[in-house]
$ cat structure_11.txt   # compact mmCIF, N, CA and C atoms
# COMPACT_ATOMS: atom_id res chain seq x y z
N ARG A 1 41.08 -34.19 40.39
CA ARG A 1 41.09 -33.83 39.02
C ARG A 1 39.71 -33.44 38.52
N ARG A 2 39.66 -32.32 37.76
CA ARG A 2 38.40 -31.87 37.19
C ARG A 2 38.33 -32.21 35.71
N ARG A 3 37.14 -32.53 35.30
CA ARG A 3 36.94 -32.81 33.89
C ARG A 3 36.02 -31.77 33.30
N SER A 4 36.36 -31.31 32.18
CA SER A 4 35.55 -30.33 31.49
C SER A 4 34.71 -31.04 30.44
N LEU A 5 33.42 -30.67 30.35
CA LEU A 5 32.53 -31.31 29.39
C LEU A 5 32.28 -30.44 28.16
N THR A 6 33.24 -29.67 27.77
CA THR A 6 33.09 -28.82 26.59
C THR A 6 33.27 -29.68 25.35
N LEU A 7 32.20 -29.74 24.53
CA LEU A 7 32.27 -30.54 23.32
C LEU A 7 32.93 -29.77 22.19
N ILE A 8 32.55 -28.50 22.06
CA ILE A 8 33.12 -27.67 21.01
C ILE A 8 33.62 -26.40 21.69
N SER A 9 34.82 -26.06 21.39
CA SER A 9 35.36 -24.85 22.02
C SER A 9 34.65 -23.62 21.47
N PRO A 10 34.57 -22.53 22.24
CA PRO A 10 33.88 -21.33 21.76
C PRO A 10 34.45 -20.78 20.46
N SER A 11 35.77 -20.84 20.29
CA SER A 11 36.35 -20.32 19.05
C SER A 11 35.97 -21.18 17.86
N ARG A 12 35.88 -22.49 18.08
CA ARG A 12 35.50 -23.38 16.99
C ARG A 12 34.03 -23.16 16.63
N ASN A 13 33.17 -22.91 17.64
CA ASN A 13 31.76 -22.65 17.40
C ASN A 13 31.59 -21.35 16.60
N ASN A 14 32.38 -20.34 16.91
CA ASN A 14 32.32 -19.06 16.20
C ASN A 14 32.74 -19.25 14.74
N ASN A 15 33.78 -20.05 14.51
CA ASN A 15 34.22 -20.33 13.13
C ASN A 15 33.14 -21.08 12.36
N MET A 16 32.48 -22.01 13.03
CA MET A 16 31.42 -22.78 12.39
C MET A 16 30.26 -21.86 11.99
N THR A 17 29.93 -20.90 12.84
CA THR A 17 28.87 -19.94 12.54
C THR A 17 29.24 -19.11 11.32
N LYS A 18 30.49 -18.68 11.24
CA LYS A 18 30.94 -17.90 10.09
C LYS A 18 30.85 -18.72 8.80
N ILE A 19 31.23 -19.98 8.88
CA ILE A 19 31.19 -20.85 7.69
C ILE A 19 29.76 -21.05 7.23
N LEU A 20 28.85 -21.30 8.19
CA LEU A 20 27.44 -21.50 7.84
C LEU A 20 26.83 -20.22 7.26
N SER A 21 27.20 -19.08 7.81
CA SER A 21 26.70 -17.81 7.30
C SER A 21 27.18 -17.57 5.87
N ALA A 22 28.45 -17.86 5.62
CA ALA A 22 29.00 -17.70 4.28
C ALA A 22 28.32 -18.65 3.30
N ALA A 23 28.07 -19.88 3.72
CA ALA A 23 27.42 -20.86 2.86
C ALA A 23 25.99 -20.41 2.53
N ALA A 24 25.30 -19.87 3.50
CA ALA A 24 23.93 -19.40 3.27
C ALA A 24 23.93 -18.22 2.30
N ALA A 25 24.90 -17.32 2.44
CA ALA A 25 25.00 -16.17 1.54
C ALA A 25 25.26 -16.62 0.11
N VAL A 26 26.15 -17.57 -0.06
CA VAL A 26 26.47 -18.09 -1.40
C VAL A 26 25.23 -18.77 -1.99
N ALA A 27 24.50 -19.52 -1.17
CA ALA A 27 23.30 -20.20 -1.66
C ALA A 27 22.25 -19.20 -2.12
N MET A 28 22.12 -18.09 -1.40
CA MET A 28 21.14 -17.07 -1.78
C MET A 28 21.53 -16.40 -3.09
N VAL A 29 22.82 -16.15 -3.28
CA VAL A 29 23.28 -15.49 -4.50
C VAL A 29 23.11 -16.41 -5.70
N LEU A 30 23.36 -17.69 -5.52
CA LEU A 30 23.29 -18.62 -6.63
C LEU A 30 21.87 -19.08 -6.94
N ALA A 31 20.93 -18.87 -6.02
CA ALA A 31 19.55 -19.30 -6.24
C ALA A 31 18.96 -18.51 -7.41
N VAL A 32 18.15 -19.17 -8.20
CA VAL A 32 17.51 -18.53 -9.35
C VAL A 32 16.32 -17.73 -8.85
N PRO A 33 16.33 -16.42 -9.07
CA PRO A 33 15.19 -15.62 -8.59
C PRO A 33 13.94 -15.92 -9.42
N ALA A 34 12.80 -15.90 -8.77
CA ALA A 34 11.53 -16.13 -9.46
C ALA A 34 11.20 -14.90 -10.30
N LEU A 35 10.81 -15.12 -11.52
CA LEU A 35 10.45 -14.02 -12.38
C LEU A 35 9.06 -13.51 -12.02
N ALA A 36 8.88 -12.22 -12.11
CA ALA A 36 7.59 -11.63 -11.74
C ALA A 36 6.49 -12.14 -12.67
N GLN A 37 6.81 -12.41 -13.93
CA GLN A 37 5.80 -12.85 -14.87
C GLN A 37 5.30 -14.27 -14.54
N ASP A 38 6.07 -15.04 -13.80
CA ASP A 38 5.69 -16.41 -13.49
C ASP A 38 4.67 -16.49 -12.36
N PHE A 39 4.45 -15.37 -11.67
CA PHE A 39 3.60 -15.39 -10.48
C PHE A 39 2.20 -14.93 -10.84
N GLN A 40 1.22 -15.76 -10.56
CA GLN A 40 -0.17 -15.38 -10.79
C GLN A 40 -0.75 -14.85 -9.49
N HIS A 41 -1.40 -13.69 -9.58
CA HIS A 41 -1.98 -13.11 -8.39
C HIS A 41 -3.27 -13.82 -8.03
N GLN A 42 -3.35 -14.31 -6.81
CA GLN A 42 -4.58 -14.89 -6.30
C GLN A 42 -4.75 -14.43 -4.87
N ARG A 43 -5.98 -14.25 -4.46
CA ARG A 43 -6.24 -13.81 -3.10
C ARG A 43 -5.83 -14.92 -2.15
N ARG A 44 -5.13 -14.55 -1.09
CA ARG A 44 -4.61 -15.56 -0.16
C ARG A 44 -5.72 -16.20 0.66
N ILE A 45 -6.70 -15.41 1.03
CA ILE A 45 -7.80 -15.94 1.83
C ILE A 45 -9.05 -15.87 0.97
N PRO A 46 -9.73 -16.98 0.77
CA PRO A 46 -10.96 -16.91 -0.03
C PRO A 46 -12.00 -16.05 0.69
N HIS A 47 -13.02 -15.65 -0.04
CA HIS A 47 -14.04 -14.77 0.55
C HIS A 47 -14.64 -15.41 1.81
N ARG A 48 -14.71 -14.61 2.84
CA ARG A 48 -15.30 -15.07 4.09
C ARG A 48 -16.62 -14.31 4.30
N PRO A 49 -17.66 -15.01 4.72
CA PRO A 49 -18.96 -14.35 4.88
C PRO A 49 -18.95 -13.25 5.94
N ASP A 50 -18.02 -13.31 6.90
CA ASP A 50 -18.00 -12.29 7.95
C ASP A 50 -17.33 -11.00 7.48
N ARG A 51 -16.72 -11.00 6.30
CA ARG A 51 -16.09 -9.80 5.75
C ARG A 51 -17.03 -9.19 4.71
N PRO A 52 -16.92 -7.86 4.49
CA PRO A 52 -17.79 -7.24 3.48
C PRO A 52 -17.43 -7.73 2.07
N SER A 53 -18.42 -7.71 1.20
CA SER A 53 -18.20 -8.15 -0.18
C SER A 53 -17.39 -7.10 -0.92
N ILE A 54 -16.95 -7.46 -2.12
CA ILE A 54 -16.19 -6.52 -2.95
C ILE A 54 -17.03 -5.29 -3.24
N ARG A 55 -18.30 -5.51 -3.57
CA ARG A 55 -19.20 -4.40 -3.90
C ARG A 55 -19.33 -3.45 -2.71
N GLU A 56 -19.50 -3.99 -1.51
CA GLU A 56 -19.63 -3.14 -0.32
C GLU A 56 -18.35 -2.36 -0.06
N THR A 57 -17.21 -3.02 -0.20
CA THR A 57 -15.93 -2.37 0.06
C THR A 57 -15.66 -1.24 -0.93
N VAL A 58 -15.86 -1.51 -2.22
CA VAL A 58 -15.60 -0.51 -3.25
C VAL A 58 -16.57 0.67 -3.11
N THR A 59 -17.85 0.38 -2.89
CA THR A 59 -18.85 1.44 -2.75
C THR A 59 -18.53 2.31 -1.54
N LYS A 60 -18.15 1.67 -0.45
CA LYS A 60 -17.81 2.43 0.76
C LYS A 60 -16.61 3.34 0.51
N ARG A 61 -15.58 2.80 -0.18
CA ARG A 61 -14.37 3.58 -0.46
C ARG A 61 -14.70 4.79 -1.35
N PHE A 62 -15.54 4.60 -2.37
CA PHE A 62 -15.91 5.71 -3.25
C PHE A 62 -16.74 6.75 -2.50
N ASN A 63 -17.62 6.28 -1.61
CA ASN A 63 -18.46 7.21 -0.86
C ASN A 63 -17.68 8.00 0.18
N GLU A 64 -16.59 7.44 0.68
CA GLU A 64 -15.80 8.11 1.72
C GLU A 64 -14.67 8.98 1.16
N ARG A 65 -14.51 9.00 -0.15
CA ARG A 65 -13.42 9.80 -0.75
C ARG A 65 -13.54 11.28 -0.42
N GLU A 66 -14.75 11.83 -0.53
CA GLU A 66 -14.93 13.26 -0.27
C GLU A 66 -14.61 13.58 1.19
N GLU A 67 -15.09 12.74 2.09
CA GLU A 67 -14.82 12.95 3.52
C GLU A 67 -13.32 12.88 3.81
N HIS A 68 -12.65 11.92 3.19
CA HIS A 68 -11.21 11.76 3.40
C HIS A 68 -10.44 12.99 2.88
N LEU A 69 -10.79 13.45 1.69
CA LEU A 69 -10.13 14.63 1.13
C LEU A 69 -10.41 15.87 1.97
N THR A 70 -11.61 15.97 2.52
CA THR A 70 -11.95 17.11 3.38
C THR A 70 -11.08 17.11 4.63
N ARG A 71 -10.88 15.92 5.21
CA ARG A 71 -10.00 15.81 6.39
C ARG A 71 -8.57 16.21 6.04
N MET A 72 -8.08 15.74 4.89
CA MET A 72 -6.72 16.09 4.47
C MET A 72 -6.59 17.59 4.27
N LEU A 73 -7.60 18.19 3.64
CA LEU A 73 -7.59 19.63 3.40
C LEU A 73 -7.54 20.40 4.72
N LYS A 74 -8.33 19.97 5.68
CA LYS A 74 -8.35 20.63 6.99
C LYS A 74 -6.99 20.53 7.68
N GLN A 75 -6.36 19.35 7.62
CA GLN A 75 -5.04 19.18 8.23
C GLN A 75 -4.02 20.13 7.60
N ARG A 76 -3.99 20.17 6.26
CA ARG A 76 -3.02 21.03 5.58
C ARG A 76 -3.30 22.50 5.87
N GLN A 77 -4.59 22.87 5.84
CA GLN A 77 -4.96 24.26 6.07
C GLN A 77 -4.63 24.68 7.51
N ASP A 78 -4.85 23.78 8.47
CA ASP A 78 -4.50 24.07 9.87
C ASP A 78 -3.00 24.30 10.03
N ALA A 79 -2.20 23.47 9.32
CA ALA A 79 -0.74 23.63 9.41
C ALA A 79 -0.31 24.98 8.84
N VAL A 80 -0.91 25.37 7.70
CA VAL A 80 -0.56 26.66 7.09
C VAL A 80 -1.02 27.81 7.98
N ASP A 81 -2.23 27.69 8.54
CA ASP A 81 -2.73 28.74 9.44
C ASP A 81 -1.86 28.87 10.69
N ASP A 82 -1.43 27.74 11.25
CA ASP A 82 -0.52 27.78 12.41
C ASP A 82 0.79 28.46 12.05
N HIS A 83 1.28 28.21 10.85
CA HIS A 83 2.52 28.84 10.40
C HIS A 83 2.35 30.36 10.31
N HIS A 84 1.26 30.77 9.69
CA HIS A 84 1.03 32.21 9.52
C HIS A 84 0.77 32.91 10.85
N ALA A 85 0.21 32.18 11.82
CA ALA A 85 -0.05 32.77 13.14
C ALA A 85 1.19 32.71 14.03
N GLY A 86 2.22 32.00 13.59
CA GLY A 86 3.46 31.92 14.35
C GLY A 86 3.46 30.85 15.43
N ARG A 87 2.43 29.99 15.46
CA ARG A 87 2.36 28.94 16.47
C ARG A 87 3.29 27.77 16.16
N ARG A 88 3.33 27.38 14.91
CA ARG A 88 4.19 26.25 14.50
C ARG A 88 4.77 26.60 13.14
N LEU A 89 5.99 27.05 13.14
CA LEU A 89 6.61 27.50 11.90
C LEU A 89 7.06 26.32 11.06
N LEU A 90 6.82 26.42 9.78
CA LEU A 90 7.24 25.39 8.82
C LEU A 90 8.42 25.93 8.02
N GLU A 91 9.22 25.01 7.52
CA GLU A 91 10.29 25.41 6.61
C GLU A 91 9.65 25.87 5.30
N ASP A 92 10.39 26.64 4.53
CA ASP A 92 9.85 27.19 3.28
C ASP A 92 9.38 26.09 2.33
N LYS A 93 10.18 25.02 2.22
CA LYS A 93 9.81 23.92 1.33
C LYS A 93 8.52 23.26 1.80
N GLU A 94 8.43 23.04 3.11
CA GLU A 94 7.25 22.39 3.66
C GLU A 94 6.00 23.26 3.49
N LEU A 95 6.15 24.56 3.70
CA LEU A 95 5.03 25.47 3.51
C LEU A 95 4.57 25.45 2.05
N ALA A 96 5.52 25.50 1.14
CA ALA A 96 5.17 25.45 -0.29
C ALA A 96 4.49 24.13 -0.64
N ARG A 97 4.97 23.04 -0.06
CA ARG A 97 4.37 21.73 -0.31
C ARG A 97 2.92 21.68 0.19
N HIS A 98 2.69 22.21 1.41
CA HIS A 98 1.33 22.24 1.96
C HIS A 98 0.41 23.09 1.08
N GLN A 99 0.89 24.24 0.64
CA GLN A 99 0.06 25.11 -0.20
C GLN A 99 -0.25 24.44 -1.54
N HIS A 100 0.74 23.72 -2.08
CA HIS A 100 0.54 22.99 -3.33
C HIS A 100 -0.49 21.87 -3.13
N HIS A 101 -0.39 21.17 -2.00
CA HIS A 101 -1.35 20.10 -1.70
C HIS A 101 -2.76 20.66 -1.55
N ILE A 102 -2.87 21.83 -0.91
CA ILE A 102 -4.19 22.44 -0.72
C ILE A 102 -4.85 22.72 -2.06
N LYS A 103 -4.08 23.25 -3.02
CA LYS A 103 -4.62 23.52 -4.35
C LYS A 103 -5.08 22.22 -5.02
N GLY A 104 -4.26 21.17 -4.91
CA GLY A 104 -4.61 19.88 -5.52
C GLY A 104 -5.84 19.26 -4.87
N ILE A 105 -5.95 19.38 -3.56
CA ILE A 105 -7.10 18.79 -2.87
C ILE A 105 -8.37 19.55 -3.24
N HIS A 106 -8.28 20.89 -3.37
CA HIS A 106 -9.45 21.66 -3.82
C HIS A 106 -9.88 21.20 -5.21
N ARG A 107 -8.91 20.97 -6.09
CA ARG A 107 -9.23 20.51 -7.46
C ARG A 107 -9.91 19.15 -7.42
N LYS A 108 -9.39 18.23 -6.59
CA LYS A 108 -9.99 16.89 -6.51
C LYS A 108 -11.39 16.94 -5.91
N LEU A 109 -11.57 17.77 -4.87
CA LEU A 109 -12.89 17.89 -4.26
C LEU A 109 -13.90 18.45 -5.25
N ALA A 110 -13.49 19.44 -6.04
CA ALA A 110 -14.39 20.01 -7.04
C ALA A 110 -14.78 18.95 -8.06
N GLY A 111 -13.81 18.12 -8.45
CA GLY A 111 -14.10 17.05 -9.40
C GLY A 111 -15.08 16.03 -8.84
N ILE A 112 -14.92 15.68 -7.58
CA ILE A 112 -15.81 14.70 -6.96
C ILE A 112 -17.22 15.27 -6.81
N ARG A 113 -17.30 16.53 -6.37
CA ARG A 113 -18.62 17.14 -6.12
C ARG A 113 -19.38 17.40 -7.42
N ASN A 114 -18.68 17.65 -8.52
CA ASN A 114 -19.34 17.96 -9.79
C ASN A 114 -19.52 16.74 -10.69
N LYS A 115 -19.15 15.57 -10.20
CA LYS A 115 -19.22 14.36 -11.03
C LYS A 115 -20.67 13.91 -11.19
N ASP A 116 -20.99 13.51 -12.39
CA ASP A 116 -22.33 13.01 -12.70
C ASP A 116 -22.52 11.66 -11.99
N PRO A 117 -23.66 11.46 -11.31
CA PRO A 117 -23.89 10.20 -10.60
C PRO A 117 -23.82 8.96 -11.50
N LYS A 118 -24.20 9.11 -12.76
CA LYS A 118 -24.14 7.96 -13.68
C LYS A 118 -22.68 7.57 -13.94
N ILE A 119 -21.82 8.57 -14.12
CA ILE A 119 -20.39 8.30 -14.35
C ILE A 119 -19.77 7.69 -13.10
N LEU A 120 -20.16 8.19 -11.94
CA LEU A 120 -19.66 7.64 -10.68
C LEU A 120 -20.05 6.17 -10.55
N GLN A 121 -21.29 5.84 -10.91
CA GLN A 121 -21.74 4.46 -10.83
C GLN A 121 -20.97 3.58 -11.81
N LEU A 122 -20.67 4.09 -13.01
CA LEU A 122 -19.87 3.33 -13.98
C LEU A 122 -18.46 3.07 -13.44
N GLU A 123 -17.87 4.08 -12.79
CA GLU A 123 -16.54 3.90 -12.20
C GLU A 123 -16.56 2.85 -11.11
N ILE A 124 -17.61 2.85 -10.29
CA ILE A 124 -17.73 1.85 -9.22
C ILE A 124 -17.87 0.46 -9.82
N GLU A 125 -18.71 0.31 -10.84
CA GLU A 125 -18.90 -0.99 -11.48
C GLU A 125 -17.60 -1.48 -12.13
N ASN A 126 -16.84 -0.57 -12.75
CA ASN A 126 -15.57 -0.94 -13.36
C ASN A 126 -14.58 -1.42 -12.29
N GLU A 127 -14.52 -0.72 -11.18
CA GLU A 127 -13.61 -1.12 -10.10
C GLU A 127 -14.00 -2.47 -9.53
N ILE A 128 -15.30 -2.71 -9.37
CA ILE A 128 -15.78 -4.00 -8.86
C ILE A 128 -15.38 -5.11 -9.83
N GLU A 129 -15.55 -4.86 -11.13
CA GLU A 129 -15.18 -5.86 -12.14
C GLU A 129 -13.69 -6.18 -12.08
N LEU A 130 -12.84 -5.14 -11.94
CA LEU A 130 -11.40 -5.37 -11.86
C LEU A 130 -11.04 -6.15 -10.59
N GLN A 131 -11.67 -5.85 -9.48
CA GLN A 131 -11.41 -6.57 -8.23
C GLN A 131 -11.80 -8.05 -8.37
N GLU A 132 -12.93 -8.32 -9.01
CA GLU A 132 -13.36 -9.70 -9.21
C GLU A 132 -12.39 -10.45 -10.12
N LYS A 133 -11.89 -9.78 -11.17
CA LYS A 133 -10.90 -10.42 -12.06
C LYS A 133 -9.62 -10.72 -11.31
N MET A 134 -9.24 -9.81 -10.44
CA MET A 134 -8.01 -10.03 -9.67
C MET A 134 -8.18 -11.23 -8.75
N MET A 135 -9.34 -11.35 -8.12
CA MET A 135 -9.57 -12.48 -7.24
C MET A 135 -9.62 -13.80 -8.01
N ALA A 136 -10.05 -13.74 -9.25
CA ALA A 136 -10.12 -14.95 -10.07
C ALA A 136 -8.77 -15.32 -10.66
N GLY A 137 -7.74 -14.50 -10.44
CA GLY A 137 -6.40 -14.81 -10.94
C GLY A 137 -6.21 -14.46 -12.40
N GLU A 138 -6.92 -13.47 -12.89
CA GLU A 138 -6.82 -13.10 -14.30
C GLU A 138 -5.76 -12.05 -14.57
N PHE A 139 -4.90 -11.78 -13.58
CA PHE A 139 -3.83 -10.81 -13.74
C PHE A 139 -2.48 -11.49 -13.57
N ASN A 140 -1.46 -10.95 -14.22
CA ASN A 140 -0.07 -11.38 -14.04
C ASN A 140 0.71 -10.23 -13.43
N TRP A 141 1.65 -10.58 -12.56
CA TRP A 141 2.56 -9.57 -12.04
C TRP A 141 3.65 -9.33 -13.07
N THR A 142 3.91 -8.07 -13.39
CA THR A 142 5.01 -7.70 -14.26
C THR A 142 5.80 -6.60 -13.56
N PRO A 143 6.97 -6.26 -14.07
CA PRO A 143 7.72 -5.16 -13.44
C PRO A 143 6.94 -3.85 -13.41
N GLU A 144 5.98 -3.66 -14.33
CA GLU A 144 5.17 -2.45 -14.34
C GLU A 144 4.01 -2.52 -13.37
N GLY A 145 3.69 -3.70 -12.84
CA GLY A 145 2.56 -3.88 -11.93
C GLY A 145 1.66 -5.00 -12.42
N LEU A 146 0.42 -4.99 -11.99
CA LEU A 146 -0.54 -6.02 -12.41
C LEU A 146 -1.00 -5.73 -13.83
N VAL A 147 -1.01 -6.77 -14.68
CA VAL A 147 -1.44 -6.66 -16.06
C VAL A 147 -2.44 -7.75 -16.34
N LEU A 148 -3.53 -7.40 -17.00
CA LEU A 148 -4.57 -8.36 -17.34
C LEU A 148 -4.00 -9.39 -18.32
N LYS A 149 -4.29 -10.66 -18.08
CA LYS A 149 -3.82 -11.71 -18.98
C LYS A 149 -4.49 -11.58 -20.34
N ASP A 150 -3.78 -12.05 -21.37
CA ASP A 150 -4.35 -12.03 -22.71
C ASP A 150 -5.43 -13.10 -22.80
N PRO A 151 -6.55 -12.80 -23.50
CA PRO A 151 -7.64 -13.79 -23.61
C PRO A 151 -7.30 -14.97 -24.46
$ encode --input "structure_11.txt" --output "C-alpha cells"
Amino acid sequence: RRRSLTLISPSRNNNMTKILSAAAAVAMVLAVPALAQDFQHQRRIPHRPDRPSIRETVTKRFNEREEHLTRMLKQRQDAVDDHHAGRRLLEDKELARHQHHIKGIHRKLAGIRNKDPKILQLEIENEIELQEKMMAGEFNWTPEGLVLKDP
C-alpha cells in the first residue's frame, strides 16, 4: 500500500489563491487613498559630500543648455537632411514635426545666446533658492504639482 503525503489538493490550492487575490483586491479598493496635499516633499537622501552641491548642479545645467540644444538641433537637422537626400525617408507628420522642432530650437538658442549675463545669474540664483526650499520641505504636493507653502 502506498500513502500519499498531499496536504492540500491542487484544486483546493488554486481556489485558495483565487480567494486571497480577491480579498487583496477588495482591500485595495476599500483603502483610503492618501491625499496629495497631505504629503510634504522632502529629499530622500540628505546631502552627501561626495555628490555635487545644489549650486554646482544648477550652474552646470544652465551652462550645458546651449550645448544640449545644439546637439538636439544637429540630430533633427540630420534627420531632415537624410530625408531630403532619400537615405531615410520620414512620414509627412514626422518631417513636419522635425521642421517645427528645428524652428523652436533656433528660437531657444537665440534666446540663450542673447541673454544678459546678469539676468542669467539671477535665474541661476532663483533656481538655487527654489531647490534649497524644496530640500527644506517648504513645498506641498498638489494635483497641479509642487506648490510653495503659505508663510
$ atom_distance --input "structure_11.txt" --atom1 "CA of His83 (chain A)" --atom2 "CA of Leu95 (chain A)"
8.1 Å
$ atom_distance --input "structure_11.txt" --atom1 "CA of Gly104 (chain A)" --atom2 "CA of Met72 (chain A)"
10.9 Å
$ atom_distance --input "structure_11.txt" --atom1 "CA of Ile128 (chain A)" --atom2 "CA of Thr57 (chain A)"
9.1 Å
$ select_by_dssp --input "structure_11.txt" --residues "region 77-136 of chain A" --states "helix (DSSP H, G or I)" --output "number ranges by chain"
A: 77-85, 92-113, 117-135
$ closest_residue --input "structure_11.txt" --among "A:Leu20, A:Glu56, A:Glu67, A:Arg61" --to "Ile105 (chain A)" --atoms "only C-alpha atoms"
A:Glu67
